[in-house]
Amino acid sequence: MAVSTRSDAPSPKVKLGLCQILVGEDKEENIERARRAVEEAARAGAQIVCLPECWNGPYATASFPLFAEPIPPDAEGVDKARSPSLAMLLEVARDCGVLLVGGSIPEARGGKFFNTCVVVRPDGRVAALHRKVHLFDIHVPGGISFRESATLSAGDSLTLVDTSWGFSLGLGICYDIRFPEMAMVLRARGAKLLLFPGAFNLTTGPAHWELLQRARAVDNQVTGNGWGKGRAGLFVAAVSPARNPAASYQAWGHTTVVNPWGEVIATTGHEPALVLADLDMELVETTRRNIPTAQQKRFDLYTPCSQVPK
Ligand SMILES: NC(=O)CCC(=O)C(=O)O
């Protein structure tokens with residue numbers, strides 16, 4: 001697997017490893033590929049490792065129920081036969097001693113299916129579950145049509161994970177990145193890194209994948225006085241599957257990390273790759289001090305969008 005790495009962080013505090021893996025029709029193979037990718041990331045020194053959206057089976061509405069697994073709230077009770085993807089995540093996080101953001105897998109729960117990200121601590125305990133809250137239902141004539149809601153249900157809460165490096169990371173899944181309100185709430189609750197397992201496509205990928213990451217990195221902080229030489233916002237990373245020519249849905253790839261100034265500090269093409277980036281979380285503090293828009297917001301002038309008459 002190609003290793004792509006680039007970072008301008010002056011004093012690295014945490015190393016991120018993003019696994020852009022190939023996903024096919026064979027669930028067992030997908031699980032083994034994901035396990036090997038996490039191991040490779042850990043060997044390369046990654047402390048936080050992230051897999052892509054829907055890595056245990058094809059990204060297709062008909063496949064979600066077929067590849068879905070129960071995700072019991074108490075990981076102790078995991079039945080390896082029924083939840084082999086989850087069992088692997090718990091095992092490999094513990095074996096490698098990494099904080100593992102387990103991309104997403106389809107989850108079977110109460111007669112419904114969700115697109116769910118499991119986060120596992122380095123000791124193998126589940127830290128959080130994020131169920132994709134914005135379902136990918138779009139129709140771009142001549143481009144892409146997709147309706148996740150044909151087989152999936154939406155989650156109903158936002159997810160933040162505290163880390164042993166003294167910062168919280170906010171989670172979203174793919175289409176969730178298009179909703180700045182969600183990023184703003186995660187940031188307001190303390191997120192300094194937003195991670196999005198995702199799978200954009202060949203229509204929206206070239207147009208919006210990088211743009212949205214750069215926007216989310218800076219959009220809470222870009223205006224105001226005192227620019228100085230500071231930087232703005234928070235770190236954002238999005239992790240895609242590699243492109244599989246045999247798949248019905250062609251993933252864009254281009255797993256990317258953006259710093260709080262909105263600069264791409266690590267990225268790759270559409271082949272399988274491990275993308276590494278050193279994150280200096282102090283940059284987040286510096287930028288928030290130098291461009292203090294959080295303190296300058298005029299909430300007295302902003303009618304909440306939900307209350308604006310249609
Ligand atoms: N899997 C997804 O949610 C895809 C989102 C996407 O491609 C977009 O343009 O948004």
# chains A, B, ... in the order shown; residues from 1 in each chain; ligands from 1
>>> residues_near_ligand(ligand="ligand 1", cutoff="9 Å", atoms="only C-alpha atoms and all ligand atoms", output="ChimeraX atom specification")
/A:53-54,59,132,134-138,144,146,148,173-178,197-205,207-209,251-252
>>> residues_around(residues="A:Arg43", least_positions_apart="5", cutoff="12 Å", atoms="only C-alpha atoms", output="PyMOL selection string")
chain A and resi 3+15+17+36-38+49+95-98+274+276
>>> residues_around(residues="A:Pro260", least_positions_apart="3", cutoff="6 Å", atoms="only C-alpha atoms", output="list in words")
Ala217, Ala232, Gly233, Leu234 and Phe235 of chain A
>>> write_last_selection(atoms="N, CA and C atoms", output="PDB file, in the first residue's frame")
ATOM      1  N   ALA A 217     -13.173  23.489   8.138  1.00  0.00           N
ATOM      2  CA  ALA A 217     -11.991  23.814   8.957  1.00  0.00           C
ATOM      3  C   ALA A 217     -11.981  25.280   9.347  1.00  0.00           C
ATOM      4  N   ALA A 232      -6.900  29.689  11.575  1.00  0.00           N
ATOM      5  CA  ALA A 232      -8.291  29.678  12.043  1.00  0.00           C
ATOM      6  C   ALA A 232      -8.874  28.269  12.149  1.00  0.00           C
ATOM      7  N   GLY A 233      -9.800  28.076  13.084  1.00  0.00           N
ATOM      8  CA  GLY A 233     -10.685  26.918  13.055  1.00  0.00           C
ATOM      9  C   GLY A 233     -10.248  25.660  13.763  1.00  0.00           C
ATOM     10  N   LEU A 234     -10.385  24.540  13.076  1.00  0.00           N
ATOM     11  CA  LEU A 234     -10.025  23.246  13.646  1.00  0.00           C
ATOM     12  C   LEU A 234      -9.525  22.315  12.534  1.00  0.00           C
ATOM     13  N   PHE A 235      -8.975  21.154  12.939  1.00  0.00           N
ATOM     14  CA  PHE A 235      -8.527  20.177  11.950  1.00  0.00           C
ATOM     15  C   PHE A 235      -9.740  19.391  11.428  1.00  0.00           C
TER      16      PHE A 235
END
>>> residues_around(residues="A:Asp156", least_positions_apart="3", cutoff="10 Å", atoms="only C-alpha atoms", output="MDAnalysis selection string")
chainID A and resid 130:134 153 159
>>> select_by_dssp(residues="stretch 76-274 of chain A", states="strand (DSSP E or B)", output="MDAnalysis selection string")
chainID A and resid 99:101 105:109 112:120 126:131 137:139 145:147 159:162 168:171 191:197 201 235:239 251 256:258 264:267 273:274
